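K.L.:
Below are the structure tokens for one structure; questions will follow.
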Amino acid sequence: MHPAKSVILFTTASGVGYGLLFLLILGHMLGVIPTDQTLALSGFCTAFILIVLGLLSSTFHLGRPERAWRALTQWRSSWLSREGILAIVTFLPTGIYGLWWAFFSSNHFAFLPVIGIAALLLCCATVYCTSMIYACLKPVAAWHNKFVPAGYLILSLSTGALLLNAILHLQGKNDQLFDMITIVLIIIAVVHKFYYWQYINENAGQSTVGSATGLGSMGKVRLLEAAHTEANYLMKEMGFKIARKHRQKLRNITFIFGFIFPIFLISLSGMISNATLSNLAIILSILSGALGIITERWLFFAEAKHTVSLYYGAEKV
Amino acid sequence: MTCLPQNGPQKKLGLVIDLDICVGCHACAVNCKEWNTGGHSAPLTDMDPYGADPNGVWFNRIHSFEVVDDDSDSRTVHFPKSCLHCDDAPCVTVCPTGASYKREEDGIVLVDADKCIGCKLCSWACAYGAREYDEDAGIMKKCTLCVDRIYNENLPEASRVPACVSTCPVGARSFGDLGDPNSDVSKLVAEREGFDLMAELDYKPTNKYLPPRPKQNENAVSDKPVSLSPVETEKAGLLARWADKVLSL
């Protein structure tokens, strides 16, 4: 599938944003992270900027972006529509929670736990809807499985944790507990990623050129002559081959930059007593994680094979 | 509304394509383009039509496949493909705007050009590649089953069929109500064991395909070889065997 830059930015940036919001609010509710105003302002602003950036970029690839509001109307059947609505609704409880924490935390607010729990659930639901946009597509076997929603949720948390850990570090507020939480989340993410890769290696779709043409029972089917002499929309959109050519290298990049380097750099920064070097390691962990997650998402789109390719020379999906 | 008709459509208008008859002349695709570039979803934009990299919107395409059986006997099957107007049409349900819809009265799947935002998700949801993106208009377009012909009272009754059906010179395409078991098209499908494309995905396509008939020579008594192979030495004539021996010395 064609890996549109806008969709990669949308899914990764909003994923990090929701993961960050989730961990900030959960951490605050459980009392495991500091409760000062600087953290509230920097954390919530970073998350909202990433989410808004993601949502805006998702409209860039539209043919008619001025009509984007219409995408909020078909929540009964469309995961894309549900995602749009939940993304907007989620701003409400997360925004209230952030504002209270930053400016009114000296006043008692009885409904805060309710708002906090609503915010946590909505963050998860929004990321789940994002994943279901892809997981509901039967023609793409690499997406139509339960690893996909699980992966979006886990990666949202692990990348959010990586960012929150960096924010805490740079403000000198980190402790070993949050280092450990971040590392554990990254390890869960990498284990999931390996299971997903193994799953898609072993479970290609059922469709073949034989079932796509219905001629399979007569013998071996192969495309003899294409419908056109030139490429068409379908071939450009669904026939992306570069990722499959370099699949293993790209998986290695995801593995090393997305998971191994961040774990190493977080551990390293905990061991260095020099504040500048420690902060440098943390900044590098963010850059490495960003490169890793963008490669992961690019590969997620680019290596997925669509059944349409069966009409354009592929033998199986 | 992008939910599908609750009790299924009243009629299931669609096409039956006979892979035994189709000769791969592409006339259906040409007439489709000609009619529809002035029809319901007009225009079928061509980008760079006279340049180095022409491409454009087509609702109907003819792919040609080769099928080789166990005896290495091969045959060519021309394979026209357009929207199959599925009963369980995910291109409709994934649409976030309500632009894609399946008509309750006849099951035709259409796009409302005024509502489409060009997110392309429907083209990802279609297993068959029936959706076409118009880069110029920024919206999706697709086969309308010539909704502007089949009910058009300004046309003579015989012409009230999709453009691809009316133009097929060999009669490989039939049009009718596949929801009615007594219609001509349903009888044809039953008689010839018509099939669904990618039945494993369970999209319940309305359009059916009829398989190519077996080759007549498969039932022939003669042991005519399928392919040309050199005559074996022992079976060659006297002169040829003598020449073979002399030359092998």
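By order of appearance in the structure tokens: chains A, B, ..., then residues from 1 within every chain, and ligands from 1 in the order shown.
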Would you mind listing what lies within 7 Å of region 74-85 of chain B as a PyMOL selection string, with only C-alpha atoms counted and same-chain residues fewer than 4 positions away left out?
P.N.:
chain B and resi 19+22-24+59-69+107-109+130+143+205-207
K.L.:
Determine which residues of region 88-135 of chain B receive a DSSP assignment of strand (DSSP E), computed from the backbone, and state them as a PyMOL selection string.
P.N.:
chain B and resi 100-102+109-111+132-134
K.L.:
Could you write out the selected residues, including C-alpha atoms, as a PDB file, in the first residue's frame?
P.N.:
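Heads up, here's the output in again25.pdb:
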```
ATOM      1  CA  SER B 100     -20.854   6.236  -0.764  1.00  0.00           C
ATOM      2  CA  TYR B 101     -24.209   4.547  -0.683  1.00  0.00           C
ATOM      3  CA  LYS B 102     -25.981   1.412  -1.842  1.00  0.00           C
ATOM      4  CA  VAL B 109     -23.500   1.347  -5.354  1.00  0.00           C
ATOM      5  CA  LEU B 110     -22.952   5.035  -6.108  1.00  0.00           C
ATOM      6  CA  VAL B 111     -20.862   8.006  -4.936  1.00  0.00           C
ATOM      7  CA  GLU B 132     -11.282   5.166  -9.319  1.00  0.00           C
ATOM      8  CA  TYR B 133      -9.805   8.376  -7.976  1.00  0.00           C
ATOM      9  CA  ASP B 134     -10.249  11.497 -10.072  1.00  0.00           C
TER      10      ASP B 134
END
```
K.L.:
I need the chain B residues near chain A as a ChimeraX atom specification; criterion: at most 8 Å, counting only C-alpha atoms.
P.N.:
/B:1-3,53-56,61-70,76,79,93-98,115-120,124-129,132-133,135,137-139,195-201,211
K.L.:
I need the residues of region 133-248 of chain B that end up classed as helix (DSSP H, G or I) by DSSP on the backbone, written out as a PyMOL selection string.
P.N.:
chain B and resi 147-150+157-159+163-167+184-192+199-201+216-219+233-235+238-248
K.L.:
Within 9 Å of region 169-182 of chain B, counting only C-alpha atoms, which residues qualify if same-chain residues fewer than 2 places away don't, as a PyMOL selection string?
P.N.:
chain B and resi 9-23+25+27-28+106+161-162+164-167+184-187+189-190+206-208
K.L.:
Have a look at CA of Gly98 (chain A) and CA of Leu153 (chain A) and let me know their distance in Å, one decimal.
P.N.:
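The value is 21.7 Å.
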K.L.:
Please provide the set of residues having any atom within 12 Å of Thr37 (chain B), restricted to only C-alpha atoms, with same-chain residues fewer than 3 positions apart removed, written as a PyMOL selection string.
P.N.:
chain B and resi 29-34+40-46+56-59+134+141-144+146+148+163
K.L.:
Quick one: pull the distance between CA of Ile200 (chain A) and CA of Leu86 (chain A), Å, one decimal.
P.N.:
29.4 Å
K.L.:
Can you pull out the residues contacting Lys305 (chain A)? Cut-off 10 Å, using only C-alpha atoms, and skip same-chain residues under 6 positions away; I want them as a ChimeraX atom specification.
P.N.:
/A:1-2,139-143,204-205,238-241,244,314,316-317
K.L.:
Could you tell me how far CA of Glu296 (chain A) lies from CA of Thr254 (chain A), in Å and to one decimal?
P.N.:
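Calculated distance between CA of Glu296 (chain A) and CA of Thr254 (chain A) is 5.5 Å.
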K.L.:
I want to know what sits within 7 Å of Ser131 (chain A), based on only C-alpha atoms, with residues of the same chain fewer than 6 positions away left out; could you give that as a ChimeraX atom specification?
P.N.:
/A:148-149,152
